[in-house]
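Content type TSV, C-alpha atoms, from the file input-v9.tsv:
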chain	number	residue	atom	x	y	z
A	1	MET	CA	99.10	85.86	90.76
A	2	LYS	CA	95.69	85.74	92.29
A	3	ALA	CA	94.68	89.06	93.79
A	4	SER	CA	94.01	88.60	97.48
A	5	LYS	CA	92.91	91.03	100.15
A	6	LEU	CA	95.81	92.28	102.23
A	7	ALA	CA	94.84	94.83	104.78
A	8	ILE	CA	95.31	95.92	108.24
A	9	MET	CA	94.65	95.95	111.89
A	10	SER	CA	94.32	99.27	113.63
A	11	ALA	CA	97.05	98.97	116.22
A	12	LEU	CA	100.05	101.25	116.10
A	13	VAL	CA	102.41	100.81	118.98
A	14	ALA	CA	105.32	103.19	119.06
A	15	VAL	CA	108.49	103.22	121.05
A	16	ALA	CA	112.11	103.91	120.39
A	17	GLY	CA	115.47	103.39	121.96
A	18	LEU	CA	116.69	100.05	120.64
A	19	THR	CA	119.87	100.38	118.61
A	20	VAL	CA	119.31	97.07	116.85
A	21	CYS	CA	116.12	95.87	115.21
A	22	LYS	CA	115.90	92.09	115.14
A	23	LYS	CA	114.04	90.65	112.21
A	24	PRO	CA	110.93	88.96	113.63
A	25	ASP	CA	111.30	85.20	113.57
A	26	VAL	CA	109.76	83.61	110.51
A	27	ASP	CA	109.07	79.88	110.79
A	28	VAL	CA	108.64	79.06	107.12
A	29	SER	CA	107.91	75.38	107.67
A	30	GLU	CA	105.16	76.14	110.19
A	31	SER	CA	103.79	78.90	107.98
A	32	LYS	CA	103.31	76.56	105.03
A	33	LYS	CA	101.20	74.22	107.11
A	34	SER	CA	98.50	76.79	107.77
A	35	SER	CA	98.94	79.46	105.10
A	36	ASN	CA	99.91	80.13	101.52
A	37	GLU	CA	102.95	82.28	100.92
A	38	LEU	CA	102.31	85.47	98.97
A	39	SER	CA	104.67	87.68	97.00
A	40	ALA	CA	104.92	91.42	96.71
A	41	VAL	CA	106.56	92.90	93.63
A	42	VAL	CA	108.82	95.89	92.99
A	43	VAL	CA	106.96	98.15	90.56
A	44	PHE	CA	109.43	101.03	90.54
A	45	ALA	CA	113.02	101.54	91.63
A	46	VAL	CA	115.54	104.31	91.15
A	47	GLY	CA	119.06	104.75	92.47
A	48	ASP	CA	121.18	102.16	94.18
A	49	SER	CA	119.19	99.63	96.24
A	50	SER	CA	119.70	95.94	96.97
A	51	ILE	CA	117.72	92.92	98.12
A	52	LYS	CA	118.98	89.99	100.16
A	53	HIS	CA	116.53	87.12	99.85
A	54	ALA	CA	115.71	84.64	102.60
A	55	ASP	CA	117.94	82.06	100.85
A	56	ASN	CA	120.87	84.55	101.11
A	57	THR	CA	120.95	85.30	97.37
A	58	LEU	CA	121.61	88.94	96.48
A	59	GLU	CA	119.80	90.95	93.82
A	60	LYS	CA	119.57	94.55	92.68
A	61	ALA	CA	116.18	96.12	93.43
A	62	GLN	CA	114.52	96.62	90.08
A	63	LEU	CA	111.13	96.43	88.45
A	64	GLY	CA	109.74	92.91	88.73
A	65	THR	CA	111.77	91.72	91.72
A	66	ALA	CA	109.57	89.47	93.87
A	67	LEU	CA	109.62	89.91	97.64
A	68	LYS	CA	108.63	87.22	100.13
A	69	ALA	CA	108.80	86.66	103.86
A	70	GLY	CA	112.41	86.77	105.05
A	71	ASP	CA	113.63	89.17	102.34
A	72	HIS	CA	115.73	92.21	103.28
A	73	VAL	CA	115.81	95.52	101.35
A	74	VAL	CA	118.42	98.26	101.68
A	75	THR	CA	118.07	101.56	99.80
A	76	GLY	CA	121.16	103.64	99.09
A	77	ASP	CA	121.66	107.38	99.54
A	78	ASN	CA	119.74	108.04	96.32
A	79	GLY	CA	117.70	104.84	96.25
A	80	LYS	CA	113.93	104.63	96.30
A	81	VAL	CA	111.81	101.48	95.90
A	82	ASP	CA	108.03	101.14	95.38
A	83	VAL	CA	106.51	97.78	96.32
A	84	GLN	CA	103.01	96.60	95.41
A	85	PHE	CA	101.06	93.89	97.24
A	86	PRO	CA	98.49	91.51	95.70
A	87	ASP	CA	95.55	93.72	96.72
A	88	GLY	CA	97.03	96.86	95.15
A	89	SER	CA	98.34	98.31	98.43
A	90	ASN	CA	101.73	99.99	98.10
A	91	ILE	CA	104.69	101.17	100.11
A	92	ARG	CA	107.50	103.49	99.09
A	93	ILE	CA	110.84	102.84	100.77
A	94	SER	CA	112.79	106.09	101.07
A	95	PRO	CA	116.55	106.57	100.57
A	96	LYS	CA	118.84	105.35	103.37
A	97	SER	CA	116.29	102.87	104.68
A	98	VAL	CA	116.44	99.23	105.74
A	99	ILE	CA	113.34	97.00	105.50
A	100	ASP	CA	112.66	93.36	106.38
A	101	PHE	CA	109.63	91.54	104.99
A	102	SER	CA	108.68	89.50	108.04
A	103	LYS	CA	105.27	88.06	107.12
A	104	LEU	CA	103.53	87.83	103.77
A	105	SER	CA	100.93	85.09	103.66
A	106	GLN	CA	97.28	84.12	103.44
A	107	ASN	CA	95.65	81.29	105.38
A	108	ASN	CA	93.11	78.78	104.10
A	109	GLU	CA	90.25	81.05	105.20
A	110	GLY	CA	91.56	83.85	102.96
A	111	THR	CA	92.86	86.04	105.80
A	112	SER	CA	96.09	87.86	104.98
A	113	GLN	CA	99.01	88.49	107.30
A	114	THR	CA	101.54	91.11	106.23
A	115	GLU	CA	104.31	92.50	108.43
A	116	ILE	CA	107.11	94.75	107.29
A	117	ALA	CA	109.94	95.63	109.69
A	118	LEU	CA	111.30	99.14	109.20
A	119	VAL	CA	114.75	98.66	110.74
A	120	SER	CA	115.66	102.30	110.03
A	121	GLY	CA	114.65	105.08	107.69
A	122	LYS	CA	111.27	106.10	106.35
A	123	VAL	CA	108.39	104.38	104.61
A	124	PHE	CA	105.26	105.77	102.95
A	125	ALA	CA	102.23	103.49	102.82
A	126	LYS	CA	98.97	103.54	100.83
A	127	VAL	CA	96.87	100.62	101.99
A	128	ASN	CA	93.55	99.52	100.53
A	129	LYS	CA	90.54	98.68	102.68
A	130	ALA	CA	90.13	94.98	103.22
A	131	LYS	CA	88.42	92.36	105.30
A	132	LYS	CA	88.15	92.94	109.03
A	133	ASP	CA	90.47	90.06	109.93
A	134	ASP	CA	93.22	90.94	107.46
A	135	ASN	CA	96.38	92.27	109.04
A	136	PHE	CA	98.94	94.69	107.58
A	137	THR	CA	101.57	96.20	109.88
A	138	VAL	CA	104.75	98.21	109.65
A	139	VAL	CA	107.04	97.42	112.60
A	140	THR	CA	109.94	99.63	113.67
A	141	PRO	CA	112.58	98.67	116.24
A	142	THR	CA	110.21	100.32	118.68
A	143	ALA	CA	106.79	100.53	117.03
A	144	ILE	CA	104.01	98.77	115.17
A	145	ALA	CA	101.82	100.63	112.67
A	146	GLY	CA	98.56	99.08	111.59
A	147	VAL	CA	95.65	100.70	109.75
A	148	ARG	CA	92.41	100.14	107.83
A	149	GLY	CA	92.40	101.70	104.40
A	150	THR	CA	94.75	104.61	104.90
A	151	SER	CA	97.80	106.58	103.84
A	152	PHE	CA	100.46	107.11	106.46
A	153	ILE	CA	104.17	107.72	107.03
A	154	VAL	CA	106.39	105.90	109.52
A	155	GLU	CA	109.88	107.10	110.40
A	156	SER	CA	112.41	105.45	112.69
A	157	GLU	CA	116.03	106.21	113.50
A	158	SER	CA	118.26	104.37	115.95
A	159	GLY	CA	117.79	105.57	119.51
A	160	GLN	CA	115.07	108.05	118.57
A	161	PRO	CA	111.27	107.99	119.07
A	162	SER	CA	109.37	106.56	116.13
A	163	LYS	CA	107.13	109.05	114.32
A	164	VAL	CA	103.81	108.52	112.56
A	165	LYS	CA	101.88	110.91	110.35
A	166	VAL	CA	98.42	110.02	109.08
A	167	VAL	CA	97.53	111.46	105.68
A	168	ASP	CA	94.18	109.69	105.46
A	169	GLY	CA	92.27	107.16	107.56
A	170	SER	CA	93.18	106.37	111.17
A	171	VAL	CA	95.96	104.66	113.10
A	172	ALA	CA	96.25	103.45	116.70
A	173	PHE	CA	99.46	104.41	118.49
A	174	SER	CA	100.80	103.31	121.89
A	175	ASN	CA	104.03	102.59	123.76
A	176	ARG	CA	105.60	99.17	123.42
A	177	ALA	CA	107.70	96.87	125.63
A	178	PRO	CA	109.31	94.28	123.28
A	179	ALA	CA	110.13	91.90	126.16
A	180	LEU	CA	106.42	91.19	126.61
A	181	GLU	CA	106.12	90.09	122.98
A	182	LYS	CA	108.44	87.18	123.67
A	183	LEU	CA	106.01	85.74	126.21
A	184	SER	CA	102.93	83.64	125.65
A	185	ALA	CA	99.46	84.74	126.74
A	186	GLU	CA	99.57	82.07	129.44
A	187	GLU	CA	102.83	83.42	130.87
A	188	ILE	CA	101.50	86.98	130.98
A	189	ASN	CA	98.10	86.06	132.43
A	190	GLY	CA	99.79	83.94	135.06
A	191	ASN	CA	101.83	86.86	136.41
A	192	ALA	CA	99.94	89.81	137.95
A	193	ASP	CA	102.81	92.27	137.35
A	194	LEU	CA	103.18	91.33	133.68
A	195	LYS	CA	99.44	91.45	133.14
A	196	LYS	CA	99.22	94.91	134.67
A	197	LEU	CA	102.11	96.16	132.53
A	198	GLN	CA	100.39	94.86	129.41
A	199	GLU	CA	97.17	96.62	130.45
A	200	SER	CA	99.07	99.86	131.10
A	201	LEU	CA	100.58	99.70	127.61
A	202	SER	CA	97.16	99.06	126.12
A	203	ASN	CA	95.70	102.03	128.01
A	204	SER	CA	98.38	104.33	126.59
A	205	GLU	CA	96.94	103.90	123.11
A	206	VAL	CA	95.82	106.97	121.17
A	207	ILE	CA	93.98	107.09	117.86
A	208	LEU	CA	95.45	109.26	115.12
A	209	GLU	CA	92.98	110.50	112.53
A	210	LYS	CA	93.49	112.15	109.16
A	211	ASN	CA	96.03	115.01	109.28
A	212	GLN	CA	97.28	114.08	112.74
A	213	GLU	CA	100.71	112.94	113.91
A	214	SER	CA	102.42	111.67	117.02
A	215	LYS	CA	105.67	110.39	118.38
A	216	GLN	CA	106.39	108.87	121.74
A	217	SER	CA	108.14	110.74	124.53
A	218	VAL	CA	111.83	110.25	125.29
A	219	LYS	CA	110.92	108.86	128.73
A	220	ALA	CA	108.82	106.13	127.16
A	221	LEU	CA	111.97	104.83	125.44
A	222	GLU	CA	112.76	103.07	128.70
A	223	LEU	CA	110.02	100.56	127.86
A	224	ALA	CA	111.69	99.69	124.57
A	225	LYS	CA	115.02	98.97	126.22
A	226	ILE	CA	113.65	96.05	128.21
A	227	ASP	CA	115.06	92.79	126.88
A	228	SER	CA	114.11	90.62	129.86
A	229	VAL	CA	111.22	90.58	132.31
A	230	GLN	CA	113.45	89.33	135.13
A	231	SER	CA	114.08	91.68	138.09
A	232	LEU	CA	112.08	94.55	136.63
A	233	ASP	CA	110.83	97.56	138.57
A	234	PHE	CA	107.21	96.98	137.56
A	235	GLU	CA	105.87	99.91	139.56
A	236	LYS	CA	108.15	102.33	137.71
A	237	LEU	CA	107.39	100.77	134.33
A	238	ASN	CA	103.64	100.90	134.91
A	239	LYS	CA	103.86	104.58	135.79
A	240	THR	CA	105.90	105.24	132.67
A	241	ALA	CA	103.45	103.33	130.47
A	242	GLU	CA	100.47	105.18	131.95
A	243	LYS	CA	101.94	108.70	132.07
A	244	GLU	CA	103.90	108.77	128.83
A	245	LYS	CA	100.88	108.56	126.57
A	246	PRO	CA	101.76	109.78	123.04
A	247	VAL	CA	100.56	113.32	122.33
A	248	VAL	CA	98.30	113.79	119.31
A	249	GLU	CA	99.05	116.89	117.26
A	250	THR	CA	98.08	118.39	113.92
A	251	ALA	CA	100.27	116.78	111.28
A	252	LYS	CA	103.03	119.01	109.97
A	253	LEU	CA	103.40	117.42	106.56
A	254	THR	CA	106.03	118.94	104.31
A	255	LYS	CA	105.48	119.45	100.60
A	256	ALA	CA	108.06	116.71	99.92
A	257	GLU	CA	106.20	114.21	102.13
A	258	GLU	CA	102.83	115.02	100.60
A	259	GLN	CA	104.29	114.69	97.12
A	260	GLU	CA	105.84	111.31	97.94
A	261	ILE	CA	102.56	109.83	99.22
A	262	LYS	CA	100.56	111.23	96.30
A	263	THR	CA	102.92	110.01	93.59
A	264	ILE	CA	102.84	106.37	94.69
A	265	VAL	CA	100.89	104.65	91.92
A	266	SER	CA	99.26	101.24	91.77
A	267	VAL	CA	99.58	99.31	88.52
A	268	ASP	CA	96.64	97.24	87.32
A	269	LYS	CA	96.54	93.50	87.97
A	270	GLN	CA	97.49	92.57	84.40
A	271	THR	CA	100.55	94.85	84.41
A	272	ALA	CA	101.61	93.60	87.85
A	273	GLU	CA	101.45	90.00	86.61
A	274	LYS	CA	103.45	90.89	83.49
A	275	ILE	CA	106.09	92.63	85.63
A	276	ALA	CA	106.40	89.55	87.86
A	277	GLN	CA	106.59	87.15	84.89
A	278	LEU	CA	109.41	89.14	83.31
A	279	SER	CA	111.38	88.91	86.52
A	280	GLU	CA	110.87	85.14	86.73
A	281	SER	CA	111.99	84.71	83.13
A	282	ALA	CA	115.09	86.84	83.68
A	283	GLN	CA	116.26	84.60	86.55
A	284	THR	CA	116.98	81.66	84.26
A	285	ASP	CA	120.75	81.20	83.94
A	286	LYS	CA	120.58	79.59	80.50
A	287	LEU	CA	118.84	82.47	78.76
A	288	GLU	CA	120.01	83.20	75.23
A	289	GLU	CA	121.49	86.66	74.76
A	290	ILE	CA	118.70	87.64	72.37
A	291	LYS	CA	116.01	86.56	74.85
A	292	LYS	CA	117.77	88.41	77.66
A	293	LYS	CA	117.84	91.63	75.64
A	294	GLU	CA	114.16	91.20	74.83
A	295	ILE	CA	113.26	90.83	78.51
A	296	ASP	CA	115.41	93.84	79.46
A	297	SER	CA	113.70	95.87	76.73
A	298	GLN	CA	110.21	94.93	77.96
A	299	ARG	CA	111.22	95.70	81.53
A	300	ALA	CA	112.52	99.12	80.47
A	301	GLU	CA	109.23	99.87	78.66
A	302	LEU	CA	107.18	98.93	81.72
A	303	SER	CA	109.44	101.10	83.89
A	304	LYS	CA	108.68	104.02	81.58
A	305	VAL	CA	104.94	103.38	81.92
A	306	VAL	CA	105.10	103.49	85.73
A	307	ALA	CA	107.45	106.49	85.68
A	308	LYS	CA	105.01	108.37	83.43
A	309	GLN	CA	102.13	107.60	85.80
A	310	GLN	CA	104.18	108.99	88.66
A	311	GLU	CA	105.15	112.07	86.64
A	312	ASP	CA	101.49	112.71	85.78
A	313	GLU	CA	100.57	112.48	89.47
A	314	LYS	CA	103.41	114.86	90.31
A	315	LYS	CA	102.13	117.42	87.79
A	316	LYS	CA	98.61	117.15	89.22
A	317	PHE	CA	99.97	117.69	92.71
A	318	GLU	CA	102.07	120.69	91.69
A	319	ALA	CA	99.08	122.22	89.88
A	320	SER	CA	96.98	121.79	93.03
A	321	LEU	CA	99.44	123.88	95.06
A	322	ALA	CA	98.29	127.00	93.22
A	323	ALA	CA	94.72	125.92	92.37
A	324	GLU	CA	93.88	124.86	95.93
A	325	PRO	CA	96.47	126.67	98.08
A	326	LYS	CA	96.95	125.84	101.72
A	327	ASP	CA	96.09	128.56	104.20
A	328	PHE	CA	99.31	129.71	105.84
A	329	LYS	CA	99.09	132.06	108.83
A	330	SER	CA	102.76	133.03	108.89
A	331	LYS	CA	106.04	132.86	107.02
A	332	LYS	CA	107.07	130.12	109.44
A	333	ASP	CA	104.15	128.00	108.20
A	334	ILE	CA	105.46	128.42	104.66
A	335	ILE	CA	108.96	127.33	105.71
A	336	ASN	CA	107.60	124.30	107.58
A	337	TYR	CA	105.71	123.09	104.51
A	338	TYR	CA	108.03	124.00	101.62
A	339	GLU	CA	111.20	123.72	103.74
A	340	ARG	CA	112.34	126.98	102.16
A	341	ILE	CA	111.24	130.56	101.46
A	342	GLU	CA	112.34	133.18	98.92
A	343	LYS	CA	112.38	136.97	98.71
A	344	ILE	CA	111.43	138.41	95.34
A	345	VAL	CA	112.76	141.98	94.98
A	346	LEU	CA	110.79	144.01	92.43
A	347	VAL	CA	112.12	146.75	90.14
A	348	ASP	CA	110.05	149.36	92.02
A	349	GLY	CA	111.88	148.53	95.25
A	350	LYS	CA	109.04	146.56	96.83
A	351	SER	CA	109.38	142.88	97.67
A	352	VAL	CA	107.30	139.72	98.05
A	353	ILE	CA	108.24	136.95	100.49
A	354	GLY	CA	107.00	133.41	99.93
A	355	ALA	CA	107.77	130.07	98.30
A	356	ILE	CA	108.08	130.03	94.52
A	357	ILE	CA	106.02	127.04	93.42
A	358	ASN	CA	106.15	127.47	89.65
A	359	GLN	CA	107.21	129.65	86.74
A	360	GLU	CA	104.86	129.77	83.76
A	361	ASN	CA	103.89	132.16	80.95
A	362	GLY	CA	106.50	134.69	82.03
A	363	GLN	CA	105.24	134.77	85.63
A	364	LEU	CA	106.47	133.57	89.01
A	365	ILE	CA	103.78	131.77	91.03
A	366	VAL	CA	104.50	132.51	94.70
A	367	HIS	CA	102.75	131.09	97.76
A	368	THR	CA	102.65	133.80	100.43
A	369	GLU	CA	100.93	134.06	103.80
A	370	ASN	CA	98.29	136.13	101.96
A	371	GLY	CA	97.64	133.51	99.32
A	372	ILE	CA	98.96	132.98	95.79
A	373	LYS	CA	100.71	135.89	94.06
A	374	LYS	CA	101.53	136.00	90.34
A	375	ILE	CA	104.46	138.25	89.50
A	376	ASP	CA	105.51	139.20	85.97
A	377	MET	CA	109.16	138.34	85.40
A	378	ASP	CA	109.69	141.77	83.82
A	379	ASN	CA	108.95	143.29	87.23
A	380	VAL	CA	111.52	141.14	89.06
A	381	GLU	CA	114.85	142.72	89.94
A	382	GLU	CA	116.28	139.89	92.04
A	383	VAL	CA	115.33	136.63	93.78
A	384	ILE	CA	116.98	135.87	97.11
A	385	TYR	CA	116.85	132.10	97.63
A	386	ASP	CA	117.05	130.18	100.92
A	387	LEU	CA	115.95	133.27	102.83
A	388	HIS	CA	115.14	131.10	105.87
A	389	SER	CA	118.87	130.40	106.31
A	390	LYS	CA	119.71	134.11	106.21
A	391	THR	CA	116.84	135.62	108.21
A	392	LYS	CA	115.19	134.63	111.48
A	393	PHE	CA	111.42	134.24	111.27
For the structure just supplied, provide its representation as structure tokens.
Amino acid sequence: MKASKLAIMSALVAVAGLTVCKKPDVDVSESKKSSNELSAVVVFAVGDSSIKHADNTLEKAQLGTALKAGDHVVTGDNGKVDVQFPDGSNIRISPKSVIDFSKLSQNNEGTSQTEIALVSGKVFAKVNKAKKDDNFTVVTPTAIAGVRGTSFIVESESGQPSKVKVVDGSVAFSNRAPALEKLSAEEINGNADLKKLQESLSNSEVILEKNQESKQSVKALELAKIDSVQSLDFEKLNKTAEKEKPVVETAKLTKAEEQEIKTIVSVDKQTAEKIAQLSESAQTDKLEEIKKKEIDSQRAELSKVVAKQQEDEKKKFEASLAAEPKDFKSKKDIINYYERIEKIVLVDGKSVIGAIINQENGQLIVHTENGIKKIDMDNVEEVIYDLHSKTKF
């Protein structure tokens, strides 16, 4: 597979309220006239996840599975799938998520178009910098996320505002009215009301930088519920679009979210090609049993390689929690990040409250609001877990 630059535009339009996310129309015949179809590849998969291809064939999500425009991925309760694109960009599809691969192509000028529809659930993205005209977007039933060389998280649940957290880079975020997307530029420009509504939506855009997050207001969901531009109260919609500008806040990343984004690994080009080739070979119906076992064995070995890379990244991340601790101002800050807090009762009757992040060399490593504390296990009388569920902070 020839490595090509996939990248991103910086437009993130968020809105929620639709209970159904339609897969964006993909005109394969038209696409082939002006562009070359690309493939992404599954580089890691755990748990129960499935793929329905554009030709309606079903397949288990596993290392080497190729993904093209029109393919549909569903992760189970314990399923997780990592997908790598030709330029080394990656996404991680979280458990209980539904994803459609809407666009995945490159035109004759070398410009890439990638669009992933997050029907529901959560996706983590690590996208490489690319050419200015390249386009990489994550679309929710109510939002579009597009970036230039960044790490970000998009979350969408039916009837709820879409959420975006930027770990690195920047993302544009604004309200969206899906009905407008069904119209041509000529139709919009020829109608003063439609043109004004489009301008109002554009003016609601905010830019999210590193360590910032946003989600749209509940009121702005009204814009996402529009399925027709006939008989609309344009004055009301314009006011909503202008007033309900998404609020930019400091990102409240949890430890789990930060760990997910940091443990997504990119495999080198040679390994990615080998993974894809194994998958192609395994799809032949007339494979001899011996050959099939050989392919399965190679696939298992490559899975171990990727899993080890992820485990190494996890260890680095966990080590950084104590080596470069975050500055927490309160116990509530600790709970927000670790999603838990413990009380360590000492033999002398004193106690330490914080999140236990490790246990090594006979010591508990505890992250408190006063920094990292190391407590000898011999001095520990009792540990009260899940203190946040027993005490109000």
Taking all atoms listed in the file into account, produce a table as CSV in which each residue of stretch 280-364 of chain A with an atom at most 7 Å from an atom of stretch 371-376 of chain A appears once, together with its shortest atom pair and the distance in Å to one decimal, ordered by chain and rising number.
residue,atom,partner,partner_atom,distance
A:Ala322,CA,A:Ile372,CA,6.5
A:Gly362,CA,A:Asp376,CA,6.1
A:Gln363,CA,A:Asp376,CA,4.5
A:Leu364,CA,A:Ile375,CA,5.1
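With distances restricted to only C-alpha atoms, A:Lys255 is the closest residue to A:Tyr338 from A:Lys255, A:Arg299, A:Lys291, A:Lys314.
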May I have a table of the residues of stretch 82-190 of chain A lying at most 12 Å from stretch 205-219 of chain A, giving each one's closest pair of atoms and their distance in Å to one decimal, counting only C-alpha atoms, ordered by chain and ascending residue number, as a tab-separated table?
residue	atom	partner	partner_atom	distance
A:Thr142	CA	A:Gln216	CA	9.9
A:Ala143	CA	A:Gln216	CA	9.6
A:Ile144	CA	A:Glu205	CA	11.8
A:Ala145	CA	A:Leu208	CA	11.0
A:Gly146	CA	A:Ile207	CA	11.2
A:Val147	CA	A:Leu208	CA	10.1
A:Arg148	CA	A:Glu209	CA	11.4
A:Gly149	CA	A:Lys210	CA	11.5
A:Thr150	CA	A:Lys210	CA	8.8
A:Ser151	CA	A:Lys210	CA	8.8
A:Phe152	CA	A:Lys210	CA	9.0
A:Ile153	CA	A:Glu213	CA	9.3
A:Val154	CA	A:Lys215	CA	10.0
A:Glu155	CA	A:Lys215	CA	9.6
A:Ser156	CA	A:Lys215	CA	10.1
A:Gly159	CA	A:Val218	CA	9.5
A:Gln160	CA	A:Val218	CA	7.8
A:Pro161	CA	A:Gln216	CA	5.6
A:Ser162	CA	A:Lys215	CA	5.8
A:Lys163	CA	A:Lys215	CA	4.5
A:Val164	CA	A:Glu213	CA	5.6
A:Lys165	CA	A:Glu213	CA	4.3
A:Val166	CA	A:Lys210	CA	5.4
A:Val167	CA	A:Asn211	CA	5.3
A:Asp168	CA	A:Lys210	CA	4.5
A:Gly169	CA	A:Lys210	CA	5.4
A:Ser170	CA	A:Glu209	CA	4.4
A:Val171	CA	A:Leu208	CA	5.0
A:Ala172	CA	A:Ile207	CA	4.4
A:Phe173	CA	A:Val206	CA	5.2
A:Ser174	CA	A:Glu205	CA	4.1
A:Asn175	CA	A:Gln216	CA	7.0
A:Arg176	CA	A:Glu205	CA	9.9
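Interatomic distance, atom CA of A:Gln62 to atom CA of A:Glu318: 27.1 Å.
Across the structure, atom CA of A:Asp333 and atom CA of A:Ile365 are spaced 17.6 Å apart.
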>> One decimal, in Å: what's the spacing between atom CA of A:Val83 and atom CA of A:Val46?
In response: 12.3 Å
